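The structure under discussion appears below in the form of structure tokens.
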Amino acid sequence: MGVKAALPKYELYFYNTVLSLALLWATSWIFDVSSANINRKTFKSNIKPGWHYFGRKMDTADFEWVMWFSTFRDHILFALSGHILFAKLCTMLAPQYRSLVFLVYGVLAVWTSMGWTYVTLMLSHCILLYSISLVKIRWLCFLTGLCTLASFKCEPFVSWQAGFVEGDFELRHVLFYGGCGFTIMRCISFALENCERKDGNYNILELLKYNFYLPFFYFGPIMTFDQFYTQVNRCDLSRKEREMWNISLHGLMNLGVIIVVDILFHFMYILTIPTDLRLLKHLSDWALVGLAYVNLVYDWVKAAIMFGAISTVARLDYLDPPKRPKCITLLYVFSETHFDRGINDWLCKYVYNPLGGSHDSVVQELIATVCTFGVTILWLGPCKVVLIWAFFNCFGLNFELWAAKFFSMEPFASFETAMSAAGSRRLRAIFNAFNFWCIVLFNILALNSLDFAKMVAKRLLLKGFPITTVTVLFVTYCLVQVIKERERRQALIDDPDPEPSASPSDTDAHTDSTQAATESGKEKSE
């Protein structure tokens with residue numbers, strides 16, 4: 001059954017009402033728990049004084065959020081502002097050299113923040129992978145890149161390379177691993193694209209421009225080399241109508257979301273509560289389930305804002321960076337689940353799609369997903385939590401294909417064909433509700449902790465059965481139907497239905513008039 005299957009309006013109103021009430025109910029539980037335990041001893045390290053306007057402490061458990069929008073906000077703003085200024089001047093005066101200005105400013109910024117030895121380390125990796133790419137053997141380039149990436153994840157290589165970072169700047173540990181990891185991924189993309197080029201090789205200067213583009217250097221997102229090369233070297237730098245307005249609006253929206261999240265951190269300690277297992281045992285089922293869901297939504301918001309801020313700068317440079325990841329609230333299938341669209345596009349282009357082919361074969365899909373998650377494990381750093389996360393998500397992605405193959409056989413296919421479009425949509429939403437919570441449980445173990453994920457699973461499936469289990473799945477069913485309705489409306493916009501044919505009465509009238517004209521014509525001829 002198609003995505004355009006519609007449901008009655010009163011049914012959709014009911015789903016929206018149930019979903020809104022459930023979210024408000026779960027939010028009230030989290031707010032009550034946060035207020036009641038604000039002075040708890042285990043909270044002292046993470047709950048710090050916040051904005052004095054509210055007279056409450058705020059949750060500071062997320063280092064990345066605090067780093068970006070509090071502690072090192074001025075450093076990041078200063079570096080990006082300088083990039084925007086010099087890029088604008090060069091675009092106005094000498095647009096043909098703007099990619100060189102990106103390179104020079106990027107190298108100087110990295111040199112200033114991390115030292116010349118770190119710049120030398122990055123250059124050595126670029127030169128190594130560039131030299132290998134000249135051979136134009138894809139598997140050799142990929143293998144060399146993965147071995148180089150592993151050198152930043154395994155001892156004693158990582159400690160030896162970390163010694164190249166000078167000084168005691170607090171952010172340098174984060175910048176070291178971010179810059180190294182993204183540098184290797186960019187170099188692999190360059191090497192593979194150079195293998196595909198039939199006439200000659202790309203210049204090493206193009207690799208350096210690609211790698212040292214400052215907005216993407218430390219934190220991503222990743223653009224594949226072919227996209228970056230085409231966009232950064234284009235001659236036409238004119239903008240579309242209202243493009244600057246859209247960029248400005250996008251930047252203001254990011255700023256607004258940052259303020260909203262900071263305000264919410266004063267009232268809901270969603271990051272600190274999951275770290276206290278004793279407190280979690282005394283929470284209600286609604287508070288625990290809501291906490292798991294909100295944590296996943298927050299991680300998406302953080303990724304969207306961090307990449308959104310960088311993408312705004314890139315769009316000012318006439319680039320088209322990877323879009324923000326799809327909201328986790330709108331996901332109910334594993335095939336669309338990701339938190340970094342740049343890495344997802346990179347993996348799909350160089351690993352998943354080449355190995356998976358048409359993605360119809362069960363064996364090919366299994367090989368493609370295993371290899372894709374293998375590279376992802378190496379990218380994130382092999383550890384127990386990452387291995388468990390990769391196993392369950394790999395299984396979920398393959399299980400979706402297996403289930404689709406199984407239910408496409410008889411008698412299931414005939415059974416669904418005999419159903420109405422609305423009935424098929426309701427039936428599929430039931431299975432999607434189970435899938436939604438598999439996605440939630442499989443991902444919070446990587447975002448929070450394995451113990452927190454176990455506790456949520458036990459409360460949802462064992463201790464809370466059947467009341468909590470059925471209630472949560474029903475609310476999730478309502479959520480899935482709301483998502484499907486949104487997808488239906490978007491599908492009607494993207495691919496509108498053809499205009500209806502003429503009504504029977506109009507057809508009859510047209511036929512009668514034609515017959516009358518024919519008869520009159522016969523009379524005249526006689």
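Scheme for the structure tokens: letters A, B, ... for chains in order shown; per-chain residue numbers from 1; ligand numbers from 1 in order shown.
Look at Gln481 in chain A: the protein and nucleic acid residues within 10 Å of it, using only C-alpha atoms and passing over chain neighbours fewer than 5 places away, are Leu7, Glu11, Leu12, Tyr15, Asn16, Arg425, Arg426, Arg428, Ala429, Ile430, Asn432, Ala433, Val475, Thr476, Arg486 and Glu487 of chain A.
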For the selection just defined, write its residues with all heavy atoms to a file, as a CSV table (one decimal), in the first residue's frame.
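Written file, selection-v3.csv:
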```csv
chain,number,residue,atom,x,y,z
A,7,LEU,N,-6.2,8.8,6.4
A,7,LEU,CA,-7.1,8.4,7.5
A,7,LEU,C,-8.1,9.5,7.7
A,7,LEU,O,-7.9,10.6,7.4
A,7,LEU,CB,-6.2,8.1,8.7
A,7,LEU,CG,-5.2,7.0,8.7
A,7,LEU,CD1,-4.5,6.9,10.0
A,7,LEU,CD2,-5.9,5.7,8.5
A,11,GLU,N,-9.8,10.7,13.4
A,11,GLU,CA,-8.8,9.8,13.9
A,11,GLU,C,-7.5,10.4,14.1
A,11,GLU,O,-6.8,10.2,15.1
A,11,GLU,CB,-8.7,8.6,12.9
A,11,GLU,CG,-7.8,7.5,13.4
A,11,GLU,CD,-7.8,6.3,12.5
A,11,GLU,OE1,-8.7,6.2,11.6
A,11,GLU,OE2,-6.9,5.4,12.6
A,12,LEU,N,-7.1,11.3,13.2
A,12,LEU,CA,-5.8,12.0,13.3
A,12,LEU,C,-5.8,13.0,14.5
A,12,LEU,O,-4.8,13.1,15.2
A,12,LEU,CB,-5.5,12.7,12.0
A,12,LEU,CG,-5.2,11.8,10.8
A,12,LEU,CD1,-5.1,12.7,9.5
A,12,LEU,CD2,-3.9,11.0,11.0
A,15,TYR,N,-5.2,11.0,17.5
A,15,TYR,CA,-3.8,10.6,17.7
A,15,TYR,C,-3.0,11.8,18.2
A,15,TYR,O,-2.1,11.6,19.1
A,15,TYR,CB,-3.2,10.1,16.3
A,15,TYR,CG,-3.8,8.8,15.9
A,15,TYR,CD1,-3.9,8.5,14.5
A,15,TYR,CD2,-4.2,7.8,16.7
A,15,TYR,CE1,-4.4,7.4,14.0
A,15,TYR,CE2,-4.7,6.6,16.3
A,15,TYR,CZ,-4.8,6.4,14.9
A,15,TYR,OH,-5.3,5.2,14.5
A,16,ASN,N,-3.2,12.9,17.6
A,16,ASN,CA,-2.5,14.1,18.1
A,16,ASN,C,-2.7,14.5,19.5
A,16,ASN,O,-1.9,14.9,20.3
A,16,ASN,CB,-2.8,15.3,17.2
A,16,ASN,CG,-2.0,15.3,15.9
A,16,ASN,OD1,-0.9,15.7,15.8
A,16,ASN,ND2,-2.7,14.9,14.8
A,425,ARG,N,-2.3,0.8,6.4
A,425,ARG,CA,-1.5,1.8,7.1
A,425,ARG,C,-1.5,1.6,8.6
A,425,ARG,O,-0.5,1.7,9.3
A,425,ARG,CB,-2.0,3.2,6.7
A,425,ARG,CG,-1.4,4.3,7.6
A,425,ARG,CD,-1.8,5.7,7.1
A,425,ARG,NE,-1.6,6.7,8.1
A,425,ARG,CZ,-1.7,8.0,7.9
A,425,ARG,NH1,-2.1,8.4,6.7
A,425,ARG,NH2,-1.5,8.9,8.9
A,426,ARG,N,-2.7,1.2,9.1
A,426,ARG,CA,-2.8,1.0,10.5
A,426,ARG,C,-2.1,-0.3,11.0
A,426,ARG,O,-1.4,-0.3,12.0
A,426,ARG,CB,-4.3,0.8,10.9
A,426,ARG,CG,-5.2,2.1,10.7
A,426,ARG,CD,-6.6,1.9,11.2
A,426,ARG,NE,-7.4,3.0,10.9
A,426,ARG,CZ,-8.3,3.1,9.9
A,426,ARG,NH1,-8.4,2.0,9.1
A,426,ARG,NH2,-9.0,4.2,9.7
A,428,ARG,N,0.6,-1.6,9.4
A,428,ARG,CA,2.0,-1.3,9.4
A,428,ARG,C,2.5,-0.5,10.6
A,428,ARG,O,3.6,-0.6,11.1
A,428,ARG,CB,2.4,-0.6,8.1
A,428,ARG,CG,2.3,-1.6,6.9
A,428,ARG,CD,2.5,-0.8,5.6
A,428,ARG,NE,2.6,-1.7,4.4
A,428,ARG,CZ,3.7,-2.2,3.9
A,428,ARG,NH1,4.9,-1.8,4.4
A,428,ARG,NH2,3.7,-3.0,2.8
A,429,ALA,N,1.6,0.5,11.0
A,429,ALA,CA,2.0,1.3,12.1
A,429,ALA,C,2.2,0.5,13.4
A,429,ALA,O,3.0,0.9,14.3
A,429,ALA,CB,0.9,2.4,12.3
A,430,ILE,N,1.4,-0.6,13.6
A,430,ILE,CA,1.6,-1.4,14.8
A,430,ILE,C,3.0,-2.0,14.8
A,430,ILE,O,3.7,-1.9,15.8
A,430,ILE,CB,0.6,-2.5,14.8
A,430,ILE,CG1,-0.9,-1.9,14.9
A,430,ILE,CG2,0.8,-3.5,15.9
A,430,ILE,CD1,-2.0,-3.0,14.8
A,432,ASN,N,5.6,-0.8,13.2
A,432,ASN,CA,6.5,0.4,13.2
A,432,ASN,C,6.7,0.9,14.7
A,432,ASN,O,7.8,1.4,15.0
A,432,ASN,CB,6.1,1.5,12.4
A,432,ASN,CG,6.1,1.2,10.9
A,432,ASN,OD1,5.3,1.6,10.1
A,432,ASN,ND2,7.1,0.4,10.5
A,433,ALA,N,5.6,0.7,15.5
A,433,ALA,CA,5.7,1.1,16.9
A,433,ALA,C,6.8,0.3,17.7
A,433,ALA,O,7.6,0.8,18.5
A,433,ALA,CB,4.4,1.0,17.6
A,475,VAL,N,0.8,4.8,22.6
A,475,VAL,CA,1.2,6.2,22.4
A,475,VAL,C,2.2,6.2,21.2
A,475,VAL,O,2.1,7.2,20.4
A,475,VAL,CB,1.9,6.8,23.7
A,475,VAL,CG1,2.4,8.1,23.4
A,475,VAL,CG2,0.8,6.9,24.8
A,476,THR,N,3.1,5.3,21.1
A,476,THR,CA,4.1,5.2,20.0
A,476,THR,C,3.3,5.0,18.7
A,476,THR,O,3.7,5.6,17.7
A,476,THR,CB,5.1,4.1,20.2
A,476,THR,OG1,5.7,4.3,21.5
A,476,THR,CG2,6.2,4.2,19.2
A,486,ARG,N,2.3,13.1,8.1
A,486,ARG,CA,3.3,14.2,7.6
A,486,ARG,C,3.9,13.7,6.3
A,486,ARG,O,4.1,14.5,5.4
A,486,ARG,CB,4.3,14.4,8.7
A,486,ARG,CG,5.3,15.5,8.3
A,486,ARG,CD,6.3,15.7,9.5
A,486,ARG,NE,7.3,16.8,9.2
A,486,ARG,CZ,8.4,16.6,8.5
A,486,ARG,NH1,8.7,15.4,8.0
A,486,ARG,NH2,9.2,17.6,8.3
A,487,GLU,N,4.3,12.4,6.3
A,487,GLU,CA,4.9,11.9,5.1
A,487,GLU,C,3.9,11.9,3.9
A,487,GLU,O,4.3,12.1,2.7
A,487,GLU,CB,5.5,10.5,5.3
A,487,GLU,CG,6.6,10.4,6.3
A,487,GLU,CD,7.0,9.0,6.6
A,487,GLU,OE1,6.3,8.1,6.3
A,487,GLU,OE2,8.1,8.8,7.2
```
Original post:
What lies within 12 Å of Trp160 in chain A using only C-alpha atoms, ignoring chain neighbours under 5 positions off, as a list in words?
Top reply: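 Neighbouring residues, sequence-local ones excluded: Tyr118, Leu121, Ser151, Phe152, Lys153, Cys154, Glu155 and Val165 of chain A.
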**OP:** Considering only C-alpha atoms, return as a VMD selection string whatever protein or nucleic-acid residues lie within 12 Å of Asn246 in chain A, sequence-local ones (same chain, fewer than 5 positions apart) excluded.
**Re:** chain A and resid 239 to 241 251 to 253 312 315 to 316
Residues of the last selection are to be written out with N, CA, C and O atoms, as an mmCIF file, in the first residue's frame.
```cif
data_model
loop_
_atom_site.group_PDB
_atom_site.id
_atom_site.type_symbol
_atom_site.label_atom_id
_atom_site.label_comp_id
_atom_site.auth_asym_id
_atom_site.auth_seq_id
_atom_site.Cartn_x
_atom_site.Cartn_y
_atom_site.Cartn_z
ATOM 1 N N ARG A 239 23.984 34.431 -6.033
ATOM 2 C CA ARG A 239 23.073 33.744 -5.110
ATOM 3 C C ARG A 239 21.659 33.731 -5.673
ATOM 4 O O ARG A 239 21.280 34.595 -6.470
ATOM 5 N N LYS A 240 20.904 32.739 -5.207
ATOM 6 C CA LYS A 240 19.507 32.661 -5.602
ATOM 7 C C LYS A 240 18.716 33.758 -4.889
ATOM 8 O O LYS A 240 19.183 34.366 -3.932
ATOM 9 N N GLU A 241 17.508 33.960 -5.356
ATOM 10 C CA GLU A 241 16.642 34.968 -4.741
ATOM 11 C C GLU A 241 16.335 34.595 -3.296
ATOM 12 O O GLU A 241 16.000 33.446 -3.000
ATOM 13 N N GLY A 251 20.509 30.938 10.690
ATOM 14 C CA GLY A 251 21.386 31.260 11.812
ATOM 15 C C GLY A 251 20.618 31.713 13.039
ATOM 16 O O GLY A 251 20.937 31.323 14.170
ATOM 17 N N LEU A 252 19.577 32.534 12.847
ATOM 18 C CA LEU A 252 18.759 32.994 13.973
ATOM 19 C C LEU A 252 17.985 31.846 14.611
ATOM 20 O O LEU A 252 17.814 31.807 15.843
ATOM 21 N N MET A 253 17.535 30.904 13.798
ATOM 22 C CA MET A 253 16.834 29.732 14.342
ATOM 23 C C MET A 253 17.767 28.898 15.209
ATOM 24 O O MET A 253 17.376 28.411 16.278
ATOM 25 N N THR A 312 25.953 27.039 8.295
ATOM 26 C CA THR A 312 25.629 28.432 7.987
ATOM 27 C C THR A 312 26.851 29.169 7.467
ATOM 28 O O THR A 312 26.774 29.931 6.489
ATOM 29 N N ARG A 315 27.618 27.916 3.942
ATOM 30 C CA ARG A 315 26.699 28.467 2.942
ATOM 31 C C ARG A 315 27.066 29.908 2.584
ATOM 32 O O ARG A 315 26.851 30.350 1.452
ATOM 33 N N LEU A 316 27.640 30.630 3.542
ATOM 34 C CA LEU A 316 28.149 31.974 3.222
ATOM 35 C C LEU A 316 29.312 31.904 2.243
ATOM 36 O O LEU A 316 29.574 32.862 1.518
#
```
Original post:
Within 8 Å of range 107-110 of chain A, counting only C-alpha atoms, which residues qualify if same-chain residues fewer than 5 places away don't, as a ChimeraX atom specification?
Top reply: /A:79,115,119,212,214
Write to file, as a CSV table (one decimal), in the first residue's frame, the residues of the selection just made, with N, CA and C atoms.
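out_33.csv, written as the output of this step:
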```
chain,number,residue,atom,x,y,z
A,79,ALA,N,37.4,32.5,15.7
A,79,ALA,CA,38.0,31.8,14.6
A,79,ALA,C,37.1,31.8,13.4
A,115,GLY,N,49.6,24.2,17.4
A,115,GLY,CA,51.1,24.2,17.2
A,115,GLY,C,51.5,23.6,15.9
A,119,VAL,N,50.3,20.5,12.9
A,119,VAL,CA,50.1,20.8,11.5
A,119,VAL,C,51.0,19.8,10.6
A,212,PHE,N,42.0,21.4,5.0
A,212,PHE,CA,42.2,22.5,5.9
A,212,PHE,C,41.1,23.6,5.8
A,214,LEU,N,38.6,25.4,7.3
A,214,LEU,CA,38.5,25.5,8.8
A,214,LEU,C,37.1,25.2,9.4
```
**OP:** Please provide the set of residues having any atom within 8 Å of Asn393 in chain A, restricted to only C-alpha atoms, with same-chain residues fewer than 3 positions apart removed, written as a ChimeraX atom specification.
**Re:** /A:334,389-390,396-397,439,442
Residues from the last selection, N, CA and C atoms, saved as a CSV table (one decimal), in the first residue's frame:
```
chain,number,residue,atom,x,y,z
A,334,PHE,N,15.1,1.6,10.7
A,334,PHE,CA,16.6,1.7,10.9
A,334,PHE,C,17.3,2.2,9.7
A,389,TRP,N,26.3,-1.5,20.5
A,389,TRP,CA,25.5,-0.6,19.7
A,389,TRP,C,25.5,-1.0,18.2
A,390,ALA,N,26.7,-1.3,17.6
A,390,ALA,CA,26.8,-1.6,16.2
A,390,ALA,C,26.2,-2.9,15.9
A,396,GLY,N,19.2,-4.8,13.4
A,396,GLY,CA,17.9,-4.1,13.1
A,396,GLY,C,17.8,-3.8,11.6
A,397,LEU,N,18.9,-3.3,11.0
A,397,LEU,CA,18.8,-2.9,9.6
A,397,LEU,C,18.6,-4.2,8.7
A,439,ILE,N,14.8,1.2,18.0
A,439,ILE,CA,15.7,2.2,17.7
A,439,ILE,C,16.1,3.0,18.9
A,442,PHE,N,18.3,0.7,21.3
A,442,PHE,CA,19.6,0.4,20.7
A,442,PHE,C,20.6,1.6,20.7
```
**OP:** Using only C-alpha atoms, determine which residues lie at most 10 Å from Gln227 in chain A, disregarding the query and same-chain residues fewer than 5 positions distant; provide the list as a list in words.
**Re:**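 The neighbour list is Val232, Leu319, Asp320 and Pro321 of chain A.
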Could those selected residues go to a file with N, CA and C atoms, as an mmCIF file, in the first residue's frame?
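This is the output file out.cif:
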```
data_model
loop_
_atom_site.group_PDB
_atom_site.id
_atom_site.type_symbol
_atom_site.label_atom_id
_atom_site.label_comp_id
_atom_site.auth_asym_id
_atom_site.auth_seq_id
_atom_site.Cartn_x
_atom_site.Cartn_y
_atom_site.Cartn_z
ATOM 1 N N VAL A 232 33.748 24.462 -4.546
ATOM 2 C CA VAL A 232 34.711 25.486 -4.157
ATOM 3 C C VAL A 232 35.402 26.105 -5.371
ATOM 4 N N LEU A 319 28.975 27.226 -0.487
ATOM 5 C CA LEU A 319 29.005 25.769 -0.479
ATOM 6 C C LEU A 319 27.625 25.244 -0.097
ATOM 7 N N ASP A 320 27.385 24.000 -0.442
ATOM 8 C CA ASP A 320 26.136 23.329 -0.083
ATOM 9 C C ASP A 320 26.473 22.155 0.831
ATOM 10 N N PRO A 321 26.630 22.379 2.131
ATOM 11 C CA PRO A 321 27.077 21.323 3.052
ATOM 12 C C PRO A 321 25.986 20.274 3.275
#
```
Original post:
Restricting the calculation to only C-alpha atoms, which member of A:Leu143, A:Ala403, A:Leu280, A:Leu123 is positioned closest to Thr183 in chain A?
Top reply: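 Under the stated criterion, the closest residue is A:Leu123.
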Original post:
Using only C-alpha atoms, which of A:Thr224, A:Ser133, A:Ser45, A:Thr329 sits nearest Val440 in chain A?
Top reply: A:Thr329
Original post:
Which is closer to Trp51 in chain A than all the others in A:Leu255, A:Leu237, A:Ile305, A:Ile263, using only C-alpha atoms?
Top reply: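 Ranking A:Leu255, A:Leu237, A:Ile305, A:Ile263 by distance to Trp51 in chain A, first place goes to A:Ile263.
Between CA of Leu479 in chain A and CA of Val333 in chain A lies a distance of 13.4 Å.
The gap separating CA of Leu355 in chain A from CA of Cys187 in chain A is 20.8 Å, in Å to one decimal.
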